[in-house]
file upload.txt (compact mmCIF, C-alpha atoms and all ligand atoms)
# COMPACT_ATOMS: atom_id res chain seq x y z
CA MET A 183 105.15 26.48 -0.77
CA ASN A 184 107.18 26.17 -3.95
CA ASP A 185 106.20 29.35 -5.80
CA PRO A 186 109.25 30.99 -7.37
CA VAL A 187 110.96 33.41 -5.02
CA PHE A 188 110.51 36.40 -7.31
CA PHE A 189 106.88 36.79 -6.16
CA THR A 190 106.27 39.03 -3.16
CA ARG A 191 106.28 37.45 0.27
CA LEU A 192 102.55 38.21 0.45
CA VAL A 193 101.71 36.46 -2.82
CA ARG A 194 103.87 33.49 -1.88
CA SER A 195 101.91 33.22 1.37
CA LEU A 196 98.47 33.20 -0.27
CA PRO A 197 96.60 29.99 -1.08
CA THR A 198 95.75 29.35 -4.73
CA THR A 199 92.03 29.58 -4.19
CA VAL A 200 89.37 31.60 -5.94
CA PRO A 201 86.24 32.86 -4.18
CA PHE A 202 83.88 31.27 -6.69
CA VAL A 203 83.98 28.25 -8.95
CA GLY A 204 81.85 29.31 -11.90
CA PRO A 205 79.17 27.12 -13.51
CA GLU A 206 81.24 27.23 -16.72
CA THR A 207 84.15 25.65 -14.86
CA LEU A 208 81.89 22.97 -13.33
CA ALA A 209 80.37 22.20 -16.74
CA ARG A 210 83.82 21.89 -18.35
CA ARG A 211 84.90 19.50 -15.61
CA SER A 212 81.85 17.26 -15.89
CA GLY A 213 81.48 17.58 -19.65
CA ARG A 214 77.75 18.32 -19.23
CA ALA A 215 75.86 21.58 -19.61
CA PHE A 216 73.47 22.60 -16.83
CA LYS A 217 69.70 22.48 -17.44
CA VAL A 218 69.03 25.29 -14.97
CA ARG A 219 71.50 27.91 -13.77
CA LEU A 220 70.31 28.97 -10.32
CA GLY A 221 73.52 29.12 -8.31
CA ALA A 222 74.89 32.65 -8.64
CA ASN A 223 71.85 34.84 -7.94
CA GLU A 224 71.95 36.21 -11.44
CA SER A 225 68.69 37.75 -12.59
CA ALA A 226 66.47 35.35 -14.49
CA PHE A 227 64.40 38.27 -15.70
CA GLY A 228 66.79 39.76 -18.18
CA VAL A 229 67.81 43.30 -18.96
CA SER A 230 65.55 46.32 -19.37
CA PRO A 231 64.66 46.77 -23.08
CA LYS A 232 65.81 50.38 -22.72
CA ALA A 233 69.19 49.23 -21.41
CA GLN A 234 69.49 46.68 -24.22
CA GLU A 235 68.85 49.37 -26.78
CA ALA A 236 71.37 51.75 -25.18
CA MET A 237 74.02 49.04 -25.05
CA ARG A 238 73.39 48.01 -28.66
CA GLU A 239 73.87 51.62 -29.77
CA THR A 240 77.04 51.92 -27.70
CA ILE A 241 78.69 48.96 -29.42
CA LYS A 242 79.18 51.27 -32.42
CA ARG A 243 81.33 53.55 -30.26
CA VAL A 244 83.36 50.92 -28.49
CA SER A 245 86.46 52.00 -30.40
CA TRP A 246 86.46 55.04 -28.13
CA TYR A 247 87.66 54.90 -24.55
CA ASN A 248 84.93 55.19 -21.97
CA ASP A 249 84.54 58.34 -19.89
CA PRO A 250 87.04 57.75 -17.06
CA ASP A 251 84.98 60.00 -14.75
CA ASN A 252 81.84 57.88 -15.25
CA TYR A 253 80.23 61.32 -15.21
CA GLU A 254 76.78 60.59 -16.62
CA ILE A 255 76.03 57.48 -14.62
CA ARG A 256 77.52 59.03 -11.51
CA ALA A 257 75.28 62.10 -11.85
CA ALA A 258 72.28 59.88 -12.61
CA VAL A 259 72.84 57.70 -9.52
CA ALA A 260 73.20 60.83 -7.37
CA ALA A 261 69.96 62.26 -8.79
CA PHE A 262 68.19 58.91 -8.40
CA HIS A 263 68.97 58.91 -4.67
CA GLY A 264 68.62 62.67 -4.31
CA MET A 265 72.13 63.11 -2.99
CA PRO A 266 75.26 65.08 -3.90
CA PHE A 267 77.42 63.92 -6.81
CA GLU A 268 80.48 63.87 -4.56
CA ASN A 269 78.99 61.08 -2.43
CA VAL A 270 78.74 58.59 -5.29
CA GLY A 271 81.63 56.46 -6.55
CA ILE A 272 81.28 54.16 -9.56
CA GLY A 273 83.14 50.87 -9.94
CA SER A 274 83.03 47.72 -12.02
CA GLY A 275 80.69 46.05 -9.55
CA ILE A 276 80.66 45.78 -5.79
CA ASP A 277 83.51 43.29 -6.07
CA ASP A 278 85.73 46.04 -7.49
CA LEU A 279 84.60 48.63 -4.93
CA LEU A 280 85.31 46.24 -2.04
CA GLY A 281 88.91 46.07 -3.24
CA LEU A 282 89.17 49.87 -3.36
CA VAL A 283 87.87 50.21 0.19
CA VAL A 284 90.30 47.64 1.52
CA ARG A 285 93.14 49.31 -0.31
CA ILE A 286 92.45 52.81 0.99
CA PHE A 287 91.87 51.79 4.62
CA MET A 288 93.92 48.76 5.52
CA GLU A 289 97.61 48.60 6.28
CA GLN A 290 99.36 45.23 6.10
CA GLY A 291 98.64 43.22 9.22
CA GLU A 292 95.48 45.09 10.19
CA THR A 293 92.24 43.29 10.83
CA ALA A 294 88.82 43.27 9.20
CA VAL A 295 85.75 41.65 10.72
CA THR A 296 83.12 39.69 8.81
CA SER A 297 80.67 36.86 9.41
CA LEU A 298 81.95 33.31 9.09
CA GLY A 299 80.69 32.07 5.72
CA ALA A 300 79.66 35.53 4.46
CA TYR A 301 80.11 36.76 0.88
CA PRO A 302 83.74 35.82 0.14
CA THR A 303 85.00 38.52 -2.20
CA PHE A 304 85.67 40.89 0.67
CA ASN A 305 87.89 38.29 2.35
CA TYR A 306 89.75 37.73 -0.87
CA HIS A 307 90.65 41.43 -1.12
CA VAL A 308 91.63 41.67 2.56
CA THR A 309 94.10 38.81 2.34
CA GLY A 310 95.28 39.99 -1.10
CA PHE A 311 96.25 43.36 0.37
CA GLY A 312 97.96 41.82 3.38
CA GLY A 313 95.21 42.24 5.98
CA SER A 314 93.90 39.56 8.27
CA LEU A 315 90.35 38.45 8.93
CA HIS A 316 88.41 37.87 12.09
CA PHE A 317 85.27 35.77 11.66
CA VAL A 318 82.05 35.94 13.69
CA PRO A 319 79.56 33.06 13.37
CA TYR A 320 75.99 33.73 12.25
CA ARG A 321 73.39 33.52 14.99
CA ASP A 322 69.84 32.35 14.30
CA ASP A 323 70.76 32.41 10.60
CA ARG A 324 71.41 36.16 10.67
CA ASN A 325 74.53 38.29 10.98
CA ASP A 326 75.20 38.62 14.70
CA LEU A 327 75.35 42.42 15.02
CA GLU A 328 76.31 42.47 18.68
CA ALA A 329 79.11 39.97 18.25
CA LEU A 330 80.37 41.77 15.13
CA ALA A 331 80.57 45.07 17.03
CA ASP A 332 82.30 43.39 19.98
CA ALA A 333 84.79 41.71 17.65
CA ALA A 334 85.52 45.04 15.94
CA ALA A 335 86.31 46.59 19.33
CA GLU A 336 88.42 43.63 20.51
CA THR A 337 90.50 43.38 17.34
CA GLY A 338 90.84 47.10 16.64
CA ALA A 339 89.36 46.45 13.21
CA ARG A 340 89.53 49.11 10.51
CA LEU A 341 86.65 47.58 8.56
CA VAL A 342 83.55 45.53 9.28
CA TYR A 343 81.73 43.90 6.38
CA LEU A 344 78.01 43.16 6.40
CA SER A 345 75.59 42.36 3.62
CA ASN A 346 72.00 43.34 4.31
CA PRO A 347 69.92 41.52 3.17
CA ASP A 348 72.51 38.82 3.58
CA ASN A 349 74.04 36.47 1.09
CA PRO A 350 74.13 33.46 1.58
CA ALA A 351 71.35 33.40 4.22
CA GLY A 352 68.82 35.74 2.59
CA THR A 353 67.88 37.13 6.02
CA TRP A 354 68.12 40.77 7.08
CA HIS A 355 68.16 43.25 9.93
CA VAL A 356 65.86 46.26 10.11
CA SER A 357 67.32 49.75 9.82
CA ARG A 358 66.78 50.60 13.50
CA ASP A 359 69.06 47.71 14.48
CA LEU A 360 71.63 48.67 11.85
CA GLU A 361 71.71 52.20 13.23
CA ALA A 362 72.33 50.89 16.74
CA PHE A 363 75.05 48.64 15.34
CA VAL A 364 76.85 51.56 13.67
CA ASP A 365 76.70 53.48 16.95
CA ARG A 366 78.36 50.57 18.74
CA LEU A 367 81.33 50.36 16.38
CA PRO A 368 84.60 51.59 17.86
CA GLU A 369 85.98 54.98 16.84
CA GLY A 370 87.68 54.88 13.43
CA CYS A 371 86.05 51.62 12.36
CA ILE A 372 84.10 51.74 9.11
CA LEU A 373 81.14 49.59 8.14
CA ILE A 374 80.93 48.31 4.58
CA LEU A 375 77.22 47.80 4.08
CA ASP A 376 76.79 45.62 1.01
CA GLU A 377 73.29 46.21 -0.35
CA ALA A 378 73.48 44.05 -3.46
CA TYR A 379 69.91 42.80 -2.79
CA VAL A 380 68.38 45.88 -1.23
CA GLU A 381 65.83 46.41 -4.02
CA PHE A 382 64.24 43.05 -3.15
CA ALA A 383 63.97 43.82 0.57
CA THR A 384 61.17 45.30 2.61
CA ASP A 385 61.56 49.04 3.25
CA GLU A 386 62.33 48.48 6.90
CA ALA A 387 65.57 46.71 5.97
CA VAL A 388 66.87 49.85 4.28
CA LEU A 389 68.91 52.32 6.29
CA PRO A 390 67.98 55.91 5.35
CA LEU A 391 70.47 57.38 2.89
CA ASP A 392 70.42 60.93 4.07
CA PRO A 393 72.62 62.28 5.50
CA VAL A 394 75.65 60.25 4.43
CA ASP A 395 77.17 58.79 7.56
CA PRO A 396 81.00 58.98 7.40
CA ARG A 397 81.21 55.67 9.27
CA VAL A 398 79.28 53.74 6.62
CA ILE A 399 80.09 52.89 3.01
CA ARG A 400 77.01 51.62 1.16
CA MET A 401 77.42 49.47 -1.93
CA ARG A 402 74.87 48.75 -4.62
CA THR A 403 75.00 47.02 -7.96
CA PHE A 404 73.46 46.71 -11.40
CA SER A 405 74.18 42.97 -11.27
CA LYS A 406 71.08 41.75 -9.48
CA VAL A 407 67.73 43.51 -9.95
CA HIS A 408 68.93 45.27 -13.13
CA GLY A 409 70.11 41.96 -14.59
CA MET A 410 73.51 43.25 -15.72
CA ALA A 411 75.92 40.97 -13.83
CA GLY A 412 78.02 40.30 -16.92
CA ALA A 413 78.39 44.01 -17.70
CA ARG A 414 80.16 44.75 -14.37
CA ILE A 415 78.98 48.01 -12.84
CA GLY A 416 78.03 49.10 -9.33
CA TYR A 417 78.37 52.07 -7.02
CA ALA A 418 79.32 53.15 -3.54
CA ILE A 419 77.59 55.82 -1.49
CA ALA A 420 80.00 57.29 1.00
CA ALA A 421 81.55 60.43 2.43
CA ALA A 422 83.15 62.63 -0.24
CA GLU A 423 86.63 62.10 1.26
CA ILE A 424 86.25 58.35 0.78
CA VAL A 425 85.02 58.66 -2.81
CA ASN A 426 87.93 61.05 -3.50
CA ALA A 427 90.38 58.54 -2.08
CA PHE A 428 89.12 55.95 -4.60
CA GLU A 429 90.45 58.30 -7.29
CA LYS A 430 94.00 57.67 -6.07
CA VAL A 431 93.94 53.92 -6.56
CA ARG A 432 91.11 52.97 -8.89
CA HIS A 433 91.42 51.65 -12.42
CA HIS A 434 90.18 54.72 -14.28
CA PHE A 435 88.94 52.93 -17.40
CA GLY A 436 87.67 49.92 -15.46
CA VAL A 437 83.95 50.55 -16.01
CA ASN A 438 83.39 49.83 -19.66
CA ARG A 439 81.43 52.02 -22.03
CA ILE A 440 78.66 49.48 -22.62
CA ALA A 441 78.08 49.03 -18.89
CA GLN A 442 77.94 52.81 -18.38
CA ALA A 443 75.28 53.18 -21.09
CA GLY A 444 73.25 50.17 -19.95
CA ALA A 445 73.23 51.22 -16.29
CA LEU A 446 72.15 54.74 -17.20
CA ALA A 447 69.22 53.45 -19.24
CA SER A 448 68.23 50.84 -16.65
CA LEU A 449 68.18 53.43 -13.90
CA GLY A 450 65.75 55.32 -16.09
CA ASP A 451 63.40 52.33 -16.33
CA PRO A 452 61.88 51.98 -12.85
CA ASP A 453 58.86 50.09 -14.23
CA PHE A 454 61.16 47.32 -15.41
CA VAL A 455 62.80 47.14 -11.98
CA ALA A 456 59.40 47.03 -10.26
CA ARG A 457 58.31 44.14 -12.52
CA VAL A 458 61.47 42.18 -11.66
CA VAL A 459 60.92 42.74 -7.93
CA GLU A 460 57.34 41.48 -8.27
CA ALA A 461 58.36 38.44 -10.34
CA VAL A 462 61.05 37.55 -7.79
CA ALA A 463 58.60 37.84 -4.88
CA GLU A 464 56.27 35.43 -6.68
CA GLY A 465 59.14 33.01 -7.29
CA ARG A 466 60.17 33.12 -3.63
CA ARG A 467 56.63 32.21 -2.58
CA GLU A 468 56.71 29.29 -4.99
CA TYR A 469 60.03 28.02 -3.56
CA GLU A 470 58.63 28.33 -0.06
CA ALA A 471 55.66 26.17 -1.08
CA LEU A 472 58.06 23.66 -2.69
CA GLY A 473 60.04 23.53 0.55
CA ARG A 474 56.87 22.81 2.53
CA GLU A 475 55.88 20.08 0.07
CA LEU A 476 59.26 18.33 0.35
CA GLY A 477 59.94 18.84 4.06
CA LEU A 478 62.78 21.29 3.36
CA PRO A 479 62.00 24.44 5.34
CA THR A 480 63.09 27.72 3.78
CA LEU A 481 64.77 30.68 5.50
CA PRO A 482 63.08 34.08 5.25
CA SER A 483 64.49 35.90 2.23
CA GLY A 484 64.77 39.58 1.31
CA THR A 485 66.77 38.70 -1.82
CA ASN A 486 66.38 37.03 -5.22
CA PHE A 487 67.22 33.59 -3.80
CA VAL A 488 65.89 31.21 -1.19
CA SER A 489 67.91 29.05 1.21
CA PHE A 490 66.44 25.57 1.73
CA ASP A 491 67.25 23.92 5.06
CA ALA A 492 68.36 20.30 4.67
CA GLY A 493 68.82 19.83 8.42
CA ASP A 494 72.53 19.05 8.48
CA ALA A 495 75.65 19.77 6.46
CA ASP A 496 76.16 16.22 5.16
CA ARG A 497 72.65 16.03 3.79
CA ALA A 498 72.92 19.51 2.24
CA GLU A 499 76.24 18.53 0.65
CA TRP A 500 74.73 15.36 -0.78
CA MET A 501 71.71 17.21 -2.10
CA VAL A 502 73.80 19.87 -3.84
CA GLY A 503 76.04 17.18 -5.36
CA THR A 504 73.01 15.28 -6.61
CA LEU A 505 71.33 18.44 -7.91
CA LEU A 506 74.52 19.32 -9.83
CA GLU A 507 74.71 15.80 -11.29
CA ARG A 508 71.13 16.11 -12.48
CA GLY A 509 71.76 19.43 -14.18
CA ALA A 510 70.73 22.03 -11.60
CA PHE A 511 73.48 24.55 -10.80
CA VAL A 512 72.98 25.68 -7.18
CA ARG A 513 75.41 26.52 -4.38
CA LYS A 514 75.56 26.02 -0.64
CA PRO A 515 77.12 27.98 2.21
CA GLY A 516 80.41 26.48 3.39
CA ALA A 517 80.41 27.27 7.11
CA PRO A 518 78.18 26.35 10.06
CA PRO A 519 75.41 26.99 10.92
CA LEU A 520 74.33 27.84 7.35
CA ASP A 521 76.14 24.88 5.78
CA ARG A 522 73.02 22.80 6.45
CA CYS A 523 71.30 24.84 3.72
CA PHE A 524 71.50 25.11 -0.02
CA ARG A 525 70.78 28.30 -1.90
CA VAL A 526 68.61 28.56 -4.99
CA THR A 527 68.22 31.67 -7.13
CA VAL A 528 64.67 32.57 -8.16
CA GLY A 529 64.40 31.56 -11.81
CA THR A 530 61.68 32.19 -14.37
CA ALA A 531 58.49 30.13 -14.01
CA PRO A 532 59.75 27.41 -16.43
CA GLU A 533 63.14 27.32 -14.67
CA ARG A 534 61.43 26.97 -11.30
CA GLU A 535 59.36 24.13 -12.64
CA ALA A 536 62.44 22.37 -14.03
CA PHE A 537 64.22 22.87 -10.72
CA ALA A 538 61.23 21.59 -8.72
CA GLU A 539 61.18 18.45 -10.83
CA ILE A 540 64.88 17.80 -10.25
CA LEU A 541 64.58 18.51 -6.51
CA ARG A 542 61.64 16.08 -6.22
CA GLU A 543 63.76 13.43 -7.95
CA VAL A 544 66.60 14.07 -5.52
CA VAL A 545 64.28 13.64 -2.54
CA GLU A 546 62.92 10.41 -4.09
CA ILE A 547 66.43 9.02 -4.66
CA GLU A 548 67.21 9.73 -1.03
CA GLU A 549 64.10 7.93 0.18
CA SER A 550 64.65 4.85 -2.03
C1 LIG A 601 76.18 39.25 -6.08
C2 LIG A 601 76.80 39.94 -4.92
C3 LIG A 601 77.72 40.95 -5.12
C4 LIG A 601 78.30 41.17 -6.49
O1 LIG A 601 78.19 42.42 -6.91
P1 LIG A 601 78.90 42.87 -8.28
O2 LIG A 601 78.40 44.24 -8.38
O3 LIG A 601 78.42 41.95 -9.37
O4 LIG A 601 80.37 42.78 -8.09
C5 LIG A 601 78.18 41.64 -4.04
N1 LIG A 601 77.77 41.34 -2.79
C6 LIG A 601 76.90 40.37 -2.56
C7 LIG A 601 76.48 40.08 -1.18
C8 LIG A 601 76.41 39.62 -3.62
O5 LIG A 601 75.60 38.59 -3.38
call {"tool": "encode", "arguments": {"input": "upload.txt", "output": "structure tokens"}}
result
Amino acid sequence: MNDPVFFTRLVRSLPTTVPFVGPETLARRSGRAFKVRLGANESAFGVSPKAQEAMRETIKRVSWYNDPDNYEIRAAVAAFHGMPFENVGIGSGIDDLLGLVVRIFMEQGETAVTSLGAYPTFNYHVTGFGGSLHFVPYRDDRNDLEALADAAAETGARLVYLSNPDNPAGTWHVSRDLEAFVDRLPEGCILILDEAYVEFATDEAVLPLDPVDPRVIRMRTFSKVHGMAGARIGYAIAAAEIVNAFEKVRHHFGVNRIAQAGALASLGDPDFVARVVEAVAEGRREYEALGRELGLPTLPSGTNFVSFDAGDADRAEWMVGTLLERGAFVRKPGAPPLDRCFRVTVGTAPEREAFAEILREVVEIEES
């Protein structure tokens, strides 16, 4: 540890890691561009034409600061879900909102519980604000709700993080089981329910929104089904006291004007969203067929990606390395038991074809 002493003790103690290595970074390192970009669960189906138009118009006004209250999009999200304005908080993506939640709830040294190998941004915020993490392994390729609740009780956790449907597995729990899980959490412990993929899931995976449960903070995003990952906007649905507490610590101009306009227009284009959901379902079925063809079983998915099961971690690692070399950007989970899988975002039909070709080559190389 040779960081200069003028950094805080906390910063000096943190490893110099980032939660994600971007495809741009990988391409710069290898000196080769990727042929297909299917590693970050970005939407392959673009942005609503209405949102594009709204964002194009807004460029003319980008010399003005954005509305720090996010008033219009906040009201529109509330109306969309049929809930009070005061229960909606806007942020520059779920990744931003996760940081706000950690900051308003966790004292230094307190514990948060999450699944081992789950979406890493939460962990990054917890350690960055001086909290510590307790990890619970996945069971049967799903978040282990019982073990998560037990761990929360044993560690006196302030926060439990869960994504449903899950990234990186793609699997989900039905709302009845989520309700029982919330009831099992110890007093004072709050569930962060990350619903980045909820639009792609079956209805039974969706916990009812009404009434807002003070023990649960829901998070949703315009990054996935709305295809606006690069614009950075998402929202939390939570008790009014929690949303009000965000006001004390959030970056008030953090959601940019173009994102505000695009999200508002995309929310008003449900036909576009329905078409994306349909296209993704078709792509998932195609990946499942590809998996059957190549002897790589797929996990059930309620998301816009599919996890292919390579059987063991070494083989999955080799396959991802070989896919990357051959121009397919994909990622794999880092922790057991899911580290035997690799995760592929549903692309457009031509992207899926290009990916299938590369994956068939990889399987042939392995067999030769
Ligand atoms: C993609 C993803 C996010 C990112 O959301 P942003 O709104 O883009 O910050 C959050 N959670 C999970 C589980 C994701 O897969």
call {"tool": "axis_aligned_box", "arguments": {"input": "upload.txt", "around": "segment 397-408 of chain A", "padding_each_side": "6 Å", "output": "lines of an AutoDock Vina configuration file"}}
result
center_x = 74.5
center_y = 48.7
center_z = -1.9
size_x = 25.5
size_y = 25.9
size_z = 34.4
call {"tool": "closest_residue", "arguments": {"input": "upload.txt", "among": "A:Glu328, A:Thr480, A:Pro266, A:Gly204", "to": "Phe216 of chain A", "atoms": "all atoms listed in the file"}}
result
A:Gly204
call {"tool": "residues_near_ligand", "arguments": {"input": "upload.txt", "ligand": "ligand LIG 601 (chain A)", "cutoff": "7 Å", "atoms": "all atoms listed in the file", "output": "list in words"}}
result
Asn223, Ser274, Gly275, Ile276, Asp277, Asp278, Tyr301, Ser345, Asp348, Asn349, Asp376, Glu377, Ala378, Arg402, Thr403, Phe404, Ser405, Lys406, Ala411, Arg414, Ile415 and Gly416 of chain A
call {"tool": "atom_distance", "arguments": {"input": "upload.txt", "atom1": "atom CA of Tyr247 of chain A", "atom2": "atom CA of His408 of chain A"}}
result
24.0 Å
call {"tool": "atom_distance", "arguments": {"input": "upload.txt", "atom1": "atom CA of Leu298 of chain A", "atom2": "atom CA of Asp332 of chain A"}}
result
14.8 Å
call {"tool": "residues_around", "arguments": {"input": "upload.txt", "residues": "Phe524 of chain A", "least_positions_apart": "6", "cutoff": "6 Å", "atoms": "only C-alpha atoms", "output": "list of chain:residue names"}}
result
A:Ser489, A:Phe490, A:Lys514
call {"tool": "write_last_selection", "arguments": {"input": "upload.txt", "atoms": "C-alpha atoms", "output": "mmCIF file, keeping the file's coordinate frame"}}
result
data_model
loop_
_atom_site.group_PDB
_atom_site.id
_atom_site.type_symbol
_atom_site.label_atom_id
_atom_site.label_comp_id
_atom_site.auth_asym_id
_atom_site.auth_seq_id
_atom_site.Cartn_x
_atom_site.Cartn_y
_atom_site.Cartn_z
ATOM 1 C CA SER A 489 67.910 29.050 1.210
ATOM 2 C CA PHE A 490 66.440 25.570 1.730
ATOM 3 C CA LYS A 514 75.560 26.020 -0.640
#
call {"tool": "decode", "arguments": {"input": "upload.txt", "residues": "segment 396-415 of chain A", "atoms": "N, CA, C and O atoms", "output": "CSV table (one decimal), in the first residue's frame"}}
result
chain,number,residue,atom,x,y,z
A,396,PRO,N,-42.3,0.2,3.1
A,396,PRO,CA,-41.1,0.9,3.6
A,396,PRO,C,-39.9,0.1,3.7
A,396,PRO,O,-38.8,0.6,3.9
A,397,ARG,N,-40.0,-1.2,3.7
A,397,ARG,CA,-38.8,-2.1,3.8
A,397,ARG,C,-38.1,-2.4,2.5
A,397,ARG,O,-37.1,-3.1,2.4
A,398,VAL,N,-38.8,-1.9,1.4
A,398,VAL,CA,-38.2,-2.3,0.1
A,398,VAL,C,-38.0,-1.0,-0.8
A,398,VAL,O,-38.8,-0.1,-0.8
A,399,ILE,N,-36.8,-1.0,-1.4
A,399,ILE,CA,-36.5,0.1,-2.4
A,399,ILE,C,-36.4,-0.6,-3.7
A,399,ILE,O,-35.6,-1.4,-3.9
A,400,ARG,N,-37.3,-0.2,-4.6
A,400,ARG,CA,-37.3,-0.8,-6.0
A,400,ARG,C,-36.5,0.1,-6.9
A,400,ARG,O,-36.5,1.3,-6.8
A,401,MET,N,-35.7,-0.5,-7.8
A,401,MET,CA,-35.0,0.3,-8.7
A,401,MET,C,-35.2,-0.2,-10.2
A,401,MET,O,-35.2,-1.4,-10.4
A,402,ARG,N,-35.4,0.8,-11.0
A,402,ARG,CA,-35.7,0.5,-12.4
A,402,ARG,C,-34.9,1.5,-13.3
A,402,ARG,O,-34.4,2.5,-12.8
A,403,THR,N,-34.7,1.1,-14.6
A,403,THR,CA,-33.8,1.9,-15.4
A,403,THR,C,-34.3,2.0,-16.8
A,403,THR,O,-35.1,1.2,-17.3
A,404,PHE,N,-33.8,3.1,-17.5
A,404,PHE,CA,-34.0,3.3,-18.9
A,404,PHE,C,-32.9,2.7,-19.7
A,404,PHE,O,-32.9,2.8,-20.9
A,405,SER,N,-32.0,2.0,-19.0
A,405,SER,CA,-30.8,1.5,-19.8
A,405,SER,C,-31.1,0.2,-20.5
A,405,SER,O,-30.3,-0.1,-21.5
A,406,LYS,N,-32.0,-0.6,-20.1
A,406,LYS,CA,-32.2,-1.9,-20.8
A,406,LYS,C,-33.3,-1.9,-21.8
A,406,LYS,O,-33.0,-1.7,-23.0
A,407,VAL,N,-34.5,-2.1,-21.4
A,407,VAL,CA,-35.6,-2.2,-22.4
A,407,VAL,C,-35.7,-0.9,-23.2
A,407,VAL,O,-36.0,-1.0,-24.4
A,408,HIS,N,-35.5,0.2,-22.6
A,408,HIS,CA,-35.6,1.5,-23.3
A,408,HIS,C,-34.4,1.8,-24.2
A,408,HIS,O,-34.4,2.8,-25.0
A,409,GLY,N,-33.4,1.1,-24.1
A,409,GLY,CA,-32.2,1.2,-24.9
A,409,GLY,C,-31.4,2.5,-24.7
A,409,GLY,O,-30.8,3.1,-25.6
A,410,MET,N,-31.4,3.0,-23.5
A,410,MET,CA,-30.8,4.3,-23.2
A,410,MET,C,-29.6,4.3,-22.2
A,410,MET,O,-29.4,5.2,-21.5
A,411,ALA,N,-28.9,3.1,-22.3
A,411,ALA,CA,-27.8,2.9,-21.3
A,411,ALA,C,-26.8,4.1,-21.3
A,411,ALA,O,-26.3,4.5,-20.2
A,412,GLY,N,-26.5,4.6,-22.5
A,412,GLY,CA,-25.5,5.7,-22.5
A,412,GLY,C,-26.0,7.0,-22.1
A,412,GLY,O,-25.2,8.0,-21.9
A,413,ALA,N,-27.3,7.2,-21.9
A,413,ALA,CA,-27.9,8.4,-21.5
A,413,ALA,C,-27.9,8.6,-20.0
A,413,ALA,O,-27.9,9.7,-19.4
A,414,ARG,N,-27.9,7.5,-19.2
A,414,ARG,CA,-27.8,7.4,-17.8
A,414,ARG,C,-29.0,8.0,-17.1
A,414,ARG,O,-29.0,9.2,-16.6
A,415,ILE,N,-30.1,7.2,-17.0
A,415,ILE,CA,-31.2,7.6,-16.2
A,415,ILE,C,-32.0,6.4,-15.7
A,415,ILE,O,-32.2,5.4,-16.4
